[in-house]
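A.B. asks: Below is the structure I would like to discuss, written out as structure tokens.
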Amino acid sequence: QTCKDMAKALLKGNAEPSMCVSYMRKLATKKANAMLKSIPSAMVMLDKQLNILETNEAFVKMFVDEDKDIYLSNPQKLIGLPIEKFFEAEKLFASVLNSGQEIQKENYRFKNKCYELHVFPIEPTVSIGAVITDMTTANHSREMVAKKAKEVIDKNISTVQQIACLLGEHMVETETILNTIASEYNQGQE
């Protein structure tokens with residue numbers, strides 16, 4: 001069915017816009033782009049030459065050093081550029097492109113940072129996608145939480161020790177007073 005046939009069917013009331021392949025493709029692309037932009041991880045799609053087909057703002061923020069503002073205002077300007085210009089993982093990308101098998105790689109080091117990579121085929125031997133998550137900030141946050149927890153534990157131990165010391169002193173004073181009273185009471189009875 002052609003677009004012209006579809007338009008005629010719409011006018012006659014024999015079709016709905018959701019039956020139009022072009023319309024549905026545009027709608028799907030619009031939704032995919034909205035999701036791509038909102039994901040906090042860097043996302044990139046590459047062609048068989050490992051050039052960028054699509055990317056999101058998080059990718060630009062993480063990996064573009066020069067002219068970042070230009071690419072943030074229009075990430076489409078990255079299309080066609082080689083991935084190696086921004087992120088070095090060509091062997092991983094080529095492996096997924098050639099094998100058609102996805103790869104999950106934790107603790108991938110690049111420029112003194114630690115990333116988690118999930119590389120997957122979109123169309124085997126034609127295009128791949130990658131989700132890249134900066135684990136450096138996540139690990140840093142875990143370290144901060146552990147440090148704060150240790151501080152709280154140390155403070156609680158110190159407080160418990162102070163309470164125990166005060167209770168001990170109080171018990172000694174109480175025992176001394178009671179012994180004095182008992183001794184005076186006993187002397188008074190004799």
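Identifiers in the structure tokens: chain A, B, ... in order shown; residue index from 1 per chain; ligand index from 1 in order shown.
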Please provide the set of residues having any atom within 12 Å of A:Thr133, restricted to only C-alpha atoms, with same-chain residues fewer than 2 positions apart removed, written as a PDB file with N, CA and C atoms, in the first residue's frame.
C.D. replies:
```pdb
ATOM      1  N   ILE A  39      18.080   8.848  29.279  1.00  0.00           N
ATOM      2  CA  ILE A  39      18.855   7.822  29.984  1.00  0.00           C
ATOM      3  C   ILE A  39      20.152   8.443  30.499  1.00  0.00           C
ATOM      4  N   PRO A  40      20.479   8.244  31.786  1.00  0.00           N
ATOM      5  CA  PRO A  40      21.683   8.870  32.347  1.00  0.00           C
ATOM      6  C   PRO A  40      22.993   8.233  31.883  1.00  0.00           C
ATOM      7  N   SER A  41      22.941   7.007  31.392  1.00  0.00           N
ATOM      8  CA  SER A  41      24.137   6.361  30.860  1.00  0.00           C
ATOM      9  C   SER A  41      24.398   6.870  29.447  1.00  0.00           C
ATOM     10  N   ALA A  42      25.667   6.795  29.048  1.00  0.00           N
ATOM     11  CA  ALA A  42      26.017   7.165  27.681  1.00  0.00           C
ATOM     12  C   ALA A  42      25.539   6.057  26.752  1.00  0.00           C
ATOM     13  N   MET A  43      24.922   6.453  25.661  1.00  0.00           N
ATOM     14  CA  MET A  43      24.479   5.479  24.662  1.00  0.00           C
ATOM     15  C   MET A  43      25.020   5.908  23.316  1.00  0.00           C
ATOM     16  N   VAL A  44      25.459   4.906  22.545  1.00  0.00           N
ATOM     17  CA  VAL A  44      25.967   5.190  21.213  1.00  0.00           C
ATOM     18  C   VAL A  44      25.635   4.020  20.290  1.00  0.00           C
ATOM     19  N   ALA A  58      24.261  12.280  27.377  1.00  0.00           N
ATOM     20  CA  ALA A  58      25.161  11.722  28.392  1.00  0.00           C
ATOM     21  C   ALA A  58      26.497  11.323  27.770  1.00  0.00           C
ATOM     22  N   PHE A  59      26.467  10.789  26.551  1.00  0.00           N
ATOM     23  CA  PHE A  59      27.706  10.440  25.845  1.00  0.00           C
ATOM     24  C   PHE A  59      28.557  11.688  25.641  1.00  0.00           C
ATOM     25  N   MET A  62      30.123  12.835  28.900  1.00  0.00           N
ATOM     26  CA  MET A  62      31.179  11.949  29.408  1.00  0.00           C
ATOM     27  C   MET A  62      32.442  11.944  28.560  1.00  0.00           C
ATOM     28  N   PHE A  63      32.298  12.012  27.241  1.00  0.00           N
ATOM     29  CA  PHE A  63      33.440  11.701  26.384  1.00  0.00           C
ATOM     30  C   PHE A  63      33.902  12.795  25.431  1.00  0.00           C
ATOM     31  N   GLN A 104      29.088  -7.957  27.921  1.00  0.00           N
ATOM     32  CA  GLN A 104      28.938  -7.136  29.129  1.00  0.00           C
ATOM     33  C   GLN A 104      30.325  -7.072  29.755  1.00  0.00           C
ATOM     34  N   LYS A 105      30.855  -5.899  29.911  1.00  0.00           N
ATOM     35  CA  LYS A 105      32.206  -5.736  30.451  1.00  0.00           C
ATOM     36  C   LYS A 105      32.146  -4.794  31.641  1.00  0.00           C
ATOM     37  N   GLU A 106      32.475  -5.333  32.825  1.00  0.00           N
ATOM     38  CA  GLU A 106      32.523  -4.499  34.033  1.00  0.00           C
ATOM     39  C   GLU A 106      33.959  -4.028  34.243  1.00  0.00           C
ATOM     40  N   ASN A 107      34.108  -2.921  34.909  1.00  0.00           N
ATOM     41  CA  ASN A 107      35.425  -2.376  35.247  1.00  0.00           C
ATOM     42  C   ASN A 107      36.316  -2.147  34.029  1.00  0.00           C
ATOM     43  N   TYR A 108      35.755  -1.552  32.995  1.00  0.00           N
ATOM     44  CA  TYR A 108      36.520  -1.198  31.808  1.00  0.00           C
ATOM     45  C   TYR A 108      37.179   0.146  32.083  1.00  0.00           C
ATOM     46  N   ARG A 109      38.493   0.177  32.033  1.00  0.00           N
ATOM     47  CA  ARG A 109      39.241   1.395  32.369  1.00  0.00           C
ATOM     48  C   ARG A 109      39.511   2.233  31.122  1.00  0.00           C
ATOM     49  N   PHE A 110      39.239   3.531  31.241  1.00  0.00           N
ATOM     50  CA  PHE A 110      39.523   4.476  30.168  1.00  0.00           C
ATOM     51  C   PHE A 110      39.727   5.850  30.791  1.00  0.00           C
ATOM     52  N   LYS A 113      39.166   6.390  34.588  1.00  0.00           N
ATOM     53  CA  LYS A 113      37.811   6.157  35.066  1.00  0.00           C
ATOM     54  C   LYS A 113      37.458   4.703  34.835  1.00  0.00           C
ATOM     55  N   CYS A 114      36.444   4.278  35.545  1.00  0.00           N
ATOM     56  CA  CYS A 114      35.988   2.905  35.448  1.00  0.00           C
ATOM     57  C   CYS A 114      34.565   2.900  34.887  1.00  0.00           C
ATOM     58  N   TYR A 115      34.362   2.124  33.820  1.00  0.00           N
ATOM     59  CA  TYR A 115      33.064   2.079  33.152  1.00  0.00           C
ATOM     60  C   TYR A 115      32.529   0.656  33.102  1.00  0.00           C
ATOM     61  N   GLU A 116      31.226   0.565  33.007  1.00  0.00           N
ATOM     62  CA  GLU A 116      30.584  -0.703  32.702  1.00  0.00           C
ATOM     63  C   GLU A 116      30.046  -0.571  31.286  1.00  0.00           C
ATOM     64  N   LEU A 117      30.406  -1.536  30.419  1.00  0.00           N
ATOM     65  CA  LEU A 117      29.990  -1.503  29.025  1.00  0.00           C
ATOM     66  C   LEU A 117      29.031  -2.639  28.732  1.00  0.00           C
ATOM     67  N   HIS A 118      27.999  -2.347  28.011  1.00  0.00           N
ATOM     68  CA  HIS A 118      27.107  -3.370  27.476  1.00  0.00           C
ATOM     69  C   HIS A 118      27.027  -3.085  25.983  1.00  0.00           C
ATOM     70  N   VAL A 119      27.683  -3.948  25.196  1.00  0.00           N
ATOM     71  CA  VAL A 119      27.733  -3.772  23.749  1.00  0.00           C
ATOM     72  C   VAL A 119      26.886  -4.875  23.120  1.00  0.00           C
ATOM     73  N   ALA A 130      25.833   0.485  22.187  1.00  0.00           N
ATOM     74  CA  ALA A 130      26.567   0.352  23.447  1.00  0.00           C
ATOM     75  C   ALA A 130      25.961   1.277  24.491  1.00  0.00           C
ATOM     76  N   VAL A 131      25.834   0.732  25.701  1.00  0.00           N
ATOM     77  CA  VAL A 131      25.431   1.517  26.859  1.00  0.00           C
ATOM     78  C   VAL A 131      26.660   1.564  27.757  1.00  0.00           C
ATOM     79  N   MET A 135      31.147   4.058  36.317  1.00  0.00           N
ATOM     80  CA  MET A 135      31.093   3.419  37.626  1.00  0.00           C
ATOM     81  C   MET A 135      31.987   4.139  38.634  1.00  0.00           C
ATOM     82  N   THR A 136      32.810   5.053  38.158  1.00  0.00           N
ATOM     83  CA  THR A 136      33.711   5.786  39.044  1.00  0.00           C
ATOM     84  C   THR A 136      32.915   6.542  40.092  1.00  0.00           C
ATOM     85  N   THR A 137      31.863   7.240  39.673  1.00  0.00           N
ATOM     86  CA  THR A 137      31.057   8.006  40.616  1.00  0.00           C
ATOM     87  C   THR A 137      30.278   7.078  41.533  1.00  0.00           C
ATOM     88  N   ALA A 138      29.815   5.930  41.008  1.00  0.00           N
ATOM     89  CA  ALA A 138      29.085   4.970  41.845  1.00  0.00           C
ATOM     90  C   ALA A 138      30.012   4.398  42.906  1.00  0.00           C
ATOM     91  N   ASN A 139      31.259   4.037  42.501  1.00  0.00           N
ATOM     92  CA  ASN A 139      32.221   3.504  43.472  1.00  0.00           C
ATOM     93  C   ASN A 139      32.591   4.568  44.491  1.00  0.00           C
TER      94      ASN A 139
END
```
A.B. asks: Interatomic distance between atom CA of A:Asn74 and atom CA of A:Lys111?
C.D. replies: 24.7 Å
A.B. asks: Interatomic distance between atom CA of A:Phe93 and atom CA of A:Ser38?
C.D. replies: 23.6 Å
A.B. asks: DSSP on the backbone, alpha helix (DSSP H) only: what residues of chain A does that give? Format it as a ChimeraX atom specification.
C.D. replies: /A:3-12,21-38,57-63,68-73,90-99,135-189
A.B. asks: Please list as a VMD selection string every residue within 12 Å of stretch 14-19 of chain A, counting only C-alpha atoms and excluding residues in the same chain fewer than 6 positions away.
C.D. replies: chain A and resid 1 to 3 5 to 8 25 to 28
A.B. asks: Go ahead and write the selection's residues with all heavy atoms as a short mmCIF file (atom, residue, chain, number, x, y, z; two decimals), in the first residue's frame.
C.D. replies:
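Heads up, here's the output in result.cif:
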```
data_model
loop_
_atom_site.label_atom_id
_atom_site.label_comp_id
_atom_site.auth_asym_id
_atom_site.auth_seq_id
_atom_site.Cartn_x
_atom_site.Cartn_y
_atom_site.Cartn_z
N GLN A 1 0.85 -1.18 0.00
CA GLN A 1 0.00 0.00 0.00
C GLN A 1 0.89 1.24 0.00
O GLN A 1 1.82 1.37 0.78
CB GLN A 1 -0.90 -0.01 1.23
CG GLN A 1 -1.89 1.09 1.24
CD GLN A 1 -2.87 0.95 2.42
OE1 GLN A 1 -2.75 0.09 3.24
NE2 GLN A 1 -3.82 1.83 2.44
N THR A 2 0.58 2.19 -0.86
CA THR A 2 1.36 3.42 -0.96
C THR A 2 0.79 4.48 -0.02
O THR A 2 -0.31 4.33 0.51
CB THR A 2 1.34 3.96 -2.40
OG1 THR A 2 0.00 4.37 -2.70
CG2 THR A 2 1.83 2.92 -3.40
N CYS A 3 1.53 5.55 0.14
CA CYS A 3 1.06 6.67 0.98
C CYS A 3 -0.22 7.27 0.37
O CYS A 3 -1.12 7.69 1.11
CB CYS A 3 2.14 7.74 1.11
SG CYS A 3 3.53 7.19 2.12
N ASP A 5 -2.52 5.68 -1.40
CA ASP A 5 -3.62 4.76 -1.08
C ASP A 5 -4.05 4.93 0.38
O ASP A 5 -5.25 4.91 0.69
CB ASP A 5 -3.21 3.31 -1.32
CG ASP A 5 -2.97 2.99 -2.79
OD1 ASP A 5 -3.55 3.68 -3.66
OD2 ASP A 5 -2.18 2.05 -3.05
N MET A 6 -3.08 5.11 1.24
CA MET A 6 -3.37 5.28 2.66
C MET A 6 -4.17 6.56 2.88
O MET A 6 -5.13 6.59 3.66
CB MET A 6 -2.07 5.30 3.48
CG MET A 6 -2.25 5.41 4.95
SD MET A 6 -3.05 3.93 5.60
CE MET A 6 -3.34 4.46 7.25
N ALA A 7 -3.77 7.63 2.22
CA ALA A 7 -4.47 8.91 2.35
C ALA A 7 -5.92 8.78 1.89
O ALA A 7 -6.84 9.30 2.53
CB ALA A 7 -3.75 9.99 1.56
N LYS A 8 -6.14 8.09 0.77
CA LYS A 8 -7.51 7.88 0.27
C LYS A 8 -8.33 7.09 1.28
O LYS A 8 -9.50 7.43 1.55
CB LYS A 8 -7.48 7.13 -1.07
CG LYS A 8 -7.03 7.97 -2.23
CD LYS A 8 -6.98 7.12 -3.50
CE LYS A 8 -6.41 7.89 -4.67
NZ LYS A 8 -6.29 7.05 -5.88
N ARG A 25 6.48 4.63 12.08
CA ARG A 25 7.95 4.69 12.13
C ARG A 25 8.38 6.02 12.75
O ARG A 25 9.27 6.05 13.61
CB ARG A 25 8.54 4.54 10.73
CG ARG A 25 10.06 4.48 10.76
CD ARG A 25 10.68 4.29 9.38
NE ARG A 25 10.32 2.97 8.87
CZ ARG A 25 9.79 2.75 7.67
NH1 ARG A 25 9.57 3.76 6.84
NH2 ARG A 25 9.49 1.54 7.27
N LYS A 26 7.75 7.12 12.34
CA LYS A 26 8.09 8.43 12.91
C LYS A 26 7.78 8.47 14.40
O LYS A 26 8.56 8.99 15.20
CB LYS A 26 7.32 9.55 12.20
CG LYS A 26 7.86 9.91 10.85
CD LYS A 26 7.05 11.04 10.23
CE LYS A 26 7.54 11.35 8.83
NZ LYS A 26 6.74 12.39 8.17
N LEU A 27 6.66 7.90 14.78
CA LEU A 27 6.26 7.87 16.18
C LEU A 27 7.25 7.03 17.00
O LEU A 27 7.67 7.45 18.08
CB LEU A 27 4.84 7.30 16.32
CG LEU A 27 4.18 7.39 17.68
CD1 LEU A 27 4.04 8.84 18.13
CD2 LEU A 27 2.81 6.71 17.64
N ALA A 28 7.62 5.88 16.47
CA ALA A 28 8.59 5.01 17.17
C ALA A 28 9.94 5.71 17.30
O ALA A 28 10.57 5.66 18.35
CB ALA A 28 8.73 3.69 16.42
#
```
A.B. asks: Can you list, as a list in words, every protein, DNA or RNA residue that comes within 10 Å of A:Glu54 when you count only C-alpha atoms, leaving out same-chain residues fewer than 3 positions away?
C.D. replies: Asn33, Leu36, Met43, Val44, Met45, Leu46, Asp47, Asn51, Pro75, Gln76, Lys77, Leu78, Ile79, Gly80 and Gly129 of chain A
A.B. asks: Between A:Lys48, A:Lys85, A:Lys150, A:Lys37, which has the minimum distance to A:Leu97 (counting only C-alpha atoms)?
C.D. replies: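 Selected residue with least distance to A:Leu97: A:Lys48.
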A.B. asks: Can you tell me, as a ChimeraX atom specification, which residues in stretch 36-138 of chain A count as strand (DSSP E) by DSSP?
C.D. replies: /A:42-47,52-55,103-110,113-123,127-134
A.B. asks: When you count only C-alpha atoms, which of these residues is closest to A:Phe86: A:Thr29, A:Thr174, A:Thr55, A:Ser127?
C.D. replies: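 Among the listed residues, A:Thr55 lies closest to A:Phe86.
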A.B. asks: Using only C-alpha atoms, which residues sit within 12 Å of A:Ser73 once same-chain residues fewer than 6 positions away are excluded, as an mmCIF file with all heavy atoms, in the first residue's frame?
C.D. replies:
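Once everything was written out, this is selection_5.cif:
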```
data_model
loop_
_atom_site.group_PDB
_atom_site.id
_atom_site.type_symbol
_atom_site.label_atom_id
_atom_site.label_comp_id
_atom_site.auth_asym_id
_atom_site.auth_seq_id
_atom_site.Cartn_x
_atom_site.Cartn_y
_atom_site.Cartn_z
ATOM 1 N N ASN A 56 23.555 10.022 22.651
ATOM 2 C CA ASN A 56 22.743 10.859 23.530
ATOM 3 C C ASN A 56 23.605 11.912 24.235
ATOM 4 O O ASN A 56 24.830 11.930 24.115
ATOM 5 C CB ASN A 56 21.960 10.011 24.534
ATOM 6 C CG ASN A 56 22.832 9.300 25.542
ATOM 7 O OD1 ASN A 56 24.056 9.302 25.458
ATOM 8 N ND2 ASN A 56 22.207 8.664 26.513
ATOM 9 N N GLU A 57 22.935 12.773 24.966
ATOM 10 C CA GLU A 57 23.602 13.881 25.663
ATOM 11 C C GLU A 57 24.599 13.374 26.707
ATOM 12 O O GLU A 57 25.654 13.966 26.907
ATOM 13 C CB GLU A 57 22.535 14.758 26.323
ATOM 14 C CG GLU A 57 23.036 16.088 26.794
ATOM 15 C CD GLU A 57 21.914 16.967 27.330
ATOM 16 O OE1 GLU A 57 21.069 17.391 26.511
ATOM 17 O OE2 GLU A 57 21.897 17.218 28.550
ATOM 18 N N VAL A 60 27.921 12.753 25.189
ATOM 19 C CA VAL A 60 28.640 14.010 24.946
ATOM 20 C C VAL A 60 29.277 14.504 26.248
ATOM 21 O O VAL A 60 30.455 14.854 26.281
ATOM 22 C CB VAL A 60 27.703 15.089 24.352
ATOM 23 C CG1 VAL A 60 28.417 16.424 24.213
ATOM 24 C CG2 VAL A 60 27.148 14.638 23.009
ATOM 25 N N LYS A 61 28.497 14.498 27.328
ATOM 26 C CA LYS A 61 29.016 14.986 28.611
ATOM 27 C C LYS A 61 30.181 14.155 29.119
ATOM 28 O O LYS A 61 31.117 14.683 29.707
ATOM 29 C CB LYS A 61 27.896 15.001 29.655
ATOM 30 C CG LYS A 61 26.887 16.099 29.430
ATOM 31 C CD LYS A 61 25.786 16.063 30.467
ATOM 32 C CE LYS A 61 24.773 17.165 30.241
ATOM 33 N NZ LYS A 61 23.653 17.105 31.174
ATOM 34 N N ASP A 67 34.997 21.260 22.009
ATOM 35 C CA ASP A 67 33.730 21.766 21.453
ATOM 36 C C ASP A 67 32.502 21.120 22.082
ATOM 37 O O ASP A 67 31.490 20.883 21.420
ATOM 38 C CB ASP A 67 33.698 21.570 19.929
ATOM 39 C CG ASP A 67 34.859 22.273 19.235
ATOM 40 O OD1 ASP A 67 35.210 23.386 19.668
ATOM 41 O OD2 ASP A 67 35.405 21.694 18.278
#
```
A.B. asks: What is the atom CA of A:Ile83-atom CA of A:Asp65 distance in Å, reported with one decimal?
C.D. replies: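 Calculated distance between atom CA of A:Ile83 and atom CA of A:Asp65 is 13.3 Å.
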